[in-house]
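A.B. asks: This is the structure, below, for whatever I ask next.
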Amino acid sequence: MFAALLFSIINIVQAEPLVELKESFGDTVVPYHHAIGRKKSFQQINASIKRTGYGPRTFVRSDVHKILTKTFKSLDDKPIKLVYGEGSWGGKYKNKALKPHRTHKKGLFLDIFMPLKNRMGRPVYFPIKKDNLFGYAVNFTKKGKGQGTYKKYQIDWVGLITLFDALCTHGEDRIKKVLIAEDLIPALQDPKLKKYWAPIPKKCREKLHPIKVLGPYKFAGKNLLVDHDDHIHVEFK
Ligand SMILES: [Zn+2]
């Protein structure tokens, strides 16, 4: 009894604080609120969901922050450019889901946008703008080709596998699951990519789960299709 109580007290004392994810991790990662101007972005998004005063939407738990820092740093010398999306609310709102996501709370979630290539096959940053819901309303075909005004972009499948591998390597057992649009699964299973999947342990590959379309989401008076074809959703435990 005493031991159990002591253990729970230690647990409370050691509870990991939430830290805002804002470092730029060298050249590889551009935090999304840096790319678009932080104040504007968060005011815009907050206005869209009629909530104010919650602060930046990119908090992660400090231990998750360490994992992500290692992951992103390890990708610095790889030919991919990464942009991350939303994490959780911080401070006293940390237990509240970050809407419209059903989860994204307690600093245990992070969306990372797809690594992209341009027509020349060069890695480029994910296009983040106000009018594409900060990246979340960009859509891709099943083959990973950007649609509409984003035709010049192609999902970099090798880059995506590299990112997944790095997350698993640095997150190990702390990664609960990684969600990706089910439409994209066949492209990821292309035989040409087999050699890139091969070195990744099975227990790691099993963390990748398909997810269905989340449906249209009203933003700035427009119905935008928001799904997981533009980002992966990483869940920690
Ligand atoms: Zn997510």
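Quick note on naming: the chains in the structure tokens go A, B, ... in the order shown, residues restart at 1 in each chain, and ligands are numbered from 1 in order of appearance.
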Report as a list in words which protein, DNA and RNA residues come within 9 Å of ligand 1, using only C-alpha atoms and all ligand atoms.
C.D. replies: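 If we count only C-alpha atoms and all ligand atoms, the neighbours of ligand 1 turn out to be Gly85, Glu86, Gly87, His101, Arg102, Thr103, His104, Phe109, Leu110, Asp111, Ile112, Leu179, His228, His231, Ile232, His233, Val234 and Glu235 of chain A.
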A.B. asks: Write the residues of the preceding selection, restricted to C-alpha atoms, as an mmCIF file, in the first residue's frame.
C.D. replies:
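Saved the output as result20.cif:
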```
data_model
loop_
_atom_site.group_PDB
_atom_site.id
_atom_site.type_symbol
_atom_site.label_atom_id
_atom_site.label_comp_id
_atom_site.auth_asym_id
_atom_site.auth_seq_id
_atom_site.Cartn_x
_atom_site.Cartn_y
_atom_site.Cartn_z
ATOM 1 C CA GLY A 85 1.676 19.870 -38.422
ATOM 2 C CA GLU A 86 -0.345 19.860 -35.257
ATOM 3 C CA GLY A 87 0.501 18.438 -31.856
ATOM 4 C CA HIS A 101 -8.839 16.044 -34.455
ATOM 5 C CA ARG A 102 -10.510 13.498 -32.212
ATOM 6 C CA THR A 103 -7.284 12.920 -30.371
ATOM 7 C CA HIS A 104 -4.259 15.212 -30.252
ATOM 8 C CA PHE A 109 0.367 13.124 -30.989
ATOM 9 C CA LEU A 110 2.063 14.789 -33.911
ATOM 10 C CA ASP A 111 1.139 15.089 -37.575
ATOM 11 C CA ILE A 112 4.036 15.169 -40.011
ATOM 12 C CA LEU A 179 -1.796 6.363 -39.315
ATOM 13 C CA HIS A 228 -4.501 11.489 -44.093
ATOM 14 C CA HIS A 231 0.290 13.744 -43.511
ATOM 15 C CA ILE A 232 1.039 10.841 -41.239
ATOM 16 C CA HIS A 233 -0.403 10.887 -37.739
ATOM 17 C CA VAL A 234 2.069 9.682 -35.137
ATOM 18 C CA GLU A 235 0.796 8.520 -31.769
#
```
A.B. asks: Quick one: residues within 10 Å of Glu206 in chain A, only C-alpha atoms, excluding same-chain residues fewer than 3 positions away - as a ChimeraX atom specification?
C.D. replies: /A:177-178,201-203,209
A.B. asks: Write out as a PyMOL selection string the set of residues from range 97-187 of chain A that DSSP, computed on the backbone, places in strand (DSSP E).
C.D. replies: chain A and resi 109-113+116-117+123-124+154-155+175-181
A.B. asks: Those selected residues, please, written with N, CA and C atoms and delivered as a short mmCIF file (atom, residue, chain, number, x, y, z; two decimals), in the first residue's frame.
C.D. replies:
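Final output, saved to selection.cif:
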```cif
data_model
loop_
_atom_site.label_atom_id
_atom_site.label_comp_id
_atom_site.auth_asym_id
_atom_site.auth_seq_id
_atom_site.Cartn_x
_atom_site.Cartn_y
_atom_site.Cartn_z
N PHE A 109 0.71 13.25 -29.57
CA PHE A 109 0.37 13.12 -30.99
C PHE A 109 1.11 14.18 -31.80
N LEU A 110 1.52 13.78 -32.99
CA LEU A 110 2.06 14.79 -33.91
C LEU A 110 1.77 14.37 -35.34
N ASP A 111 1.30 15.32 -36.14
CA ASP A 111 1.14 15.09 -37.57
C ASP A 111 2.41 15.55 -38.27
N ILE A 112 2.87 14.76 -39.22
CA ILE A 112 4.04 15.17 -40.01
C ILE A 112 3.62 15.10 -41.48
N PHE A 113 3.80 16.20 -42.19
CA PHE A 113 3.39 16.23 -43.59
C PHE A 113 4.29 15.33 -44.43
N LEU A 116 7.92 15.54 -49.90
CA LEU A 116 7.53 15.74 -51.31
C LEU A 116 8.74 15.93 -52.21
N LYS A 117 8.51 15.65 -53.50
CA LYS A 117 9.51 15.95 -54.52
C LYS A 117 8.84 16.82 -55.58
N PRO A 123 13.84 17.13 -53.46
CA PRO A 123 12.98 17.28 -52.27
C PRO A 123 12.58 18.74 -52.04
N VAL A 124 11.32 18.94 -51.72
CA VAL A 124 10.80 20.29 -51.45
C VAL A 124 9.94 20.26 -50.18
N GLN A 154 4.91 15.52 -55.82
CA GLN A 154 4.76 14.07 -55.77
C GLN A 154 5.22 13.59 -54.40
N ILE A 155 4.43 12.72 -53.77
CA ILE A 155 4.88 12.16 -52.49
C ILE A 155 6.14 11.35 -52.73
N ILE A 175 6.50 4.54 -29.70
CA ILE A 175 5.55 4.81 -30.79
C ILE A 175 4.40 3.82 -30.66
N LYS A 176 3.19 4.34 -30.51
CA LYS A 176 2.03 3.46 -30.40
C LYS A 176 1.57 3.06 -31.79
N LYS A 177 1.29 4.04 -32.63
CA LYS A 177 0.94 3.74 -34.02
C LYS A 177 1.15 4.96 -34.92
N VAL A 178 1.18 4.65 -36.20
CA VAL A 178 1.31 5.69 -37.22
C VAL A 178 0.18 5.47 -38.21
N LEU A 179 -0.66 6.50 -38.41
CA LEU A 179 -1.80 6.36 -39.32
C LEU A 179 -1.50 7.03 -40.65
N ILE A 180 -1.98 6.35 -41.71
CA ILE A 180 -1.80 6.88 -43.06
C ILE A 180 -3.05 6.55 -43.87
N ALA A 181 -3.41 7.41 -44.81
CA ALA A 181 -4.63 7.18 -45.62
C ALA A 181 -4.58 5.80 -46.27
#
```
A.B. asks: Taking only C-alpha atoms into account, name the residue in A:Pro17, A:Pro210, A:Pro100, A:Gly144 that is nearest to Arg61 in chain A.
C.D. replies: A:Pro17
A.B. asks: Run DSSP on the backbone and grab whatever in range 77-210 of chain A lands in alpha helix (DSSP H); send it over as a list in words.
C.D. replies: Trp157, Val158, Gly159, Leu160, Ile161, Thr162, Leu163, Phe164, Asp165, Ala166, Leu167, Cys168, Thr169, His170, Gly171, Ile185, Pro186, Ala187, Leu188, Lys194, Lys195, Tyr196, Trp197, Lys202, Lys203, Cys204 and Arg205 of chain A
A.B. asks: Please dump the current selection as a tab-separated table (two decimals), in the first residue's frame; keep C-alpha atoms.
C.D. replies:
```tsv
chain	number	residue	atom	x	y	z
A	157	TRP	CA	7.68	7.24	-51.06
A	158	VAL	CA	11.30	6.44	-50.27
A	159	GLY	CA	11.44	9.58	-48.12
A	160	LEU	CA	8.28	8.50	-46.32
A	161	ILE	CA	9.72	5.06	-45.56
A	162	THR	CA	12.93	6.75	-44.38
A	163	LEU	CA	10.91	8.98	-42.06
A	164	PHE	CA	8.95	6.03	-40.74
A	165	ASP	CA	12.16	4.07	-40.16
A	166	ALA	CA	13.73	7.00	-38.28
A	167	LEU	CA	10.64	7.43	-36.09
A	168	CYS	CA	10.71	3.74	-35.22
A	169	THR	CA	14.45	3.72	-34.56
A	170	HIS	CA	14.35	6.70	-32.20
A	171	GLY	CA	10.88	6.15	-30.78
A	185	ILE	CA	-1.23	1.76	-48.91
A	186	PRO	CA	-1.06	0.06	-52.37
A	187	ALA	CA	1.52	2.60	-53.54
A	188	LEU	CA	3.59	1.94	-50.42
A	194	LYS	CA	10.44	-3.62	-51.11
A	195	LYS	CA	14.16	-3.09	-50.62
A	196	TYR	CA	13.49	0.07	-48.57
A	197	TRP	CA	11.02	-1.71	-46.30
A	202	LYS	CA	8.42	-6.31	-38.48
A	203	LYS	CA	7.26	-5.03	-35.07
A	204	CYS	CA	7.93	-1.56	-36.40
A	205	ARG	CA	6.12	-2.09	-39.72
```
A.B. asks: Hey, can you check how far CA of Phe126 in chain A sits from CA of Leu82 in chain A?
C.D. replies: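 We find that CA of Phe126 in chain A and CA of Leu82 in chain A lie 7.2 Å from each other.
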A.B. asks: Which is closer to Glu172 in chain A than all the others in A:Lys78, A:Lys212, A:Lys151, A:Lys207, using only C-alpha atoms?
C.D. replies: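 That would be A:Lys207, the residue with the smallest distance to Glu172 in chain A.
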A.B. asks: Could you tell me which of A:Gly135, A:Lys143, A:Leu21, A:Pro115 comes closest to Trp89 in chain A if we count only C-alpha atoms?
C.D. replies: A:Leu21
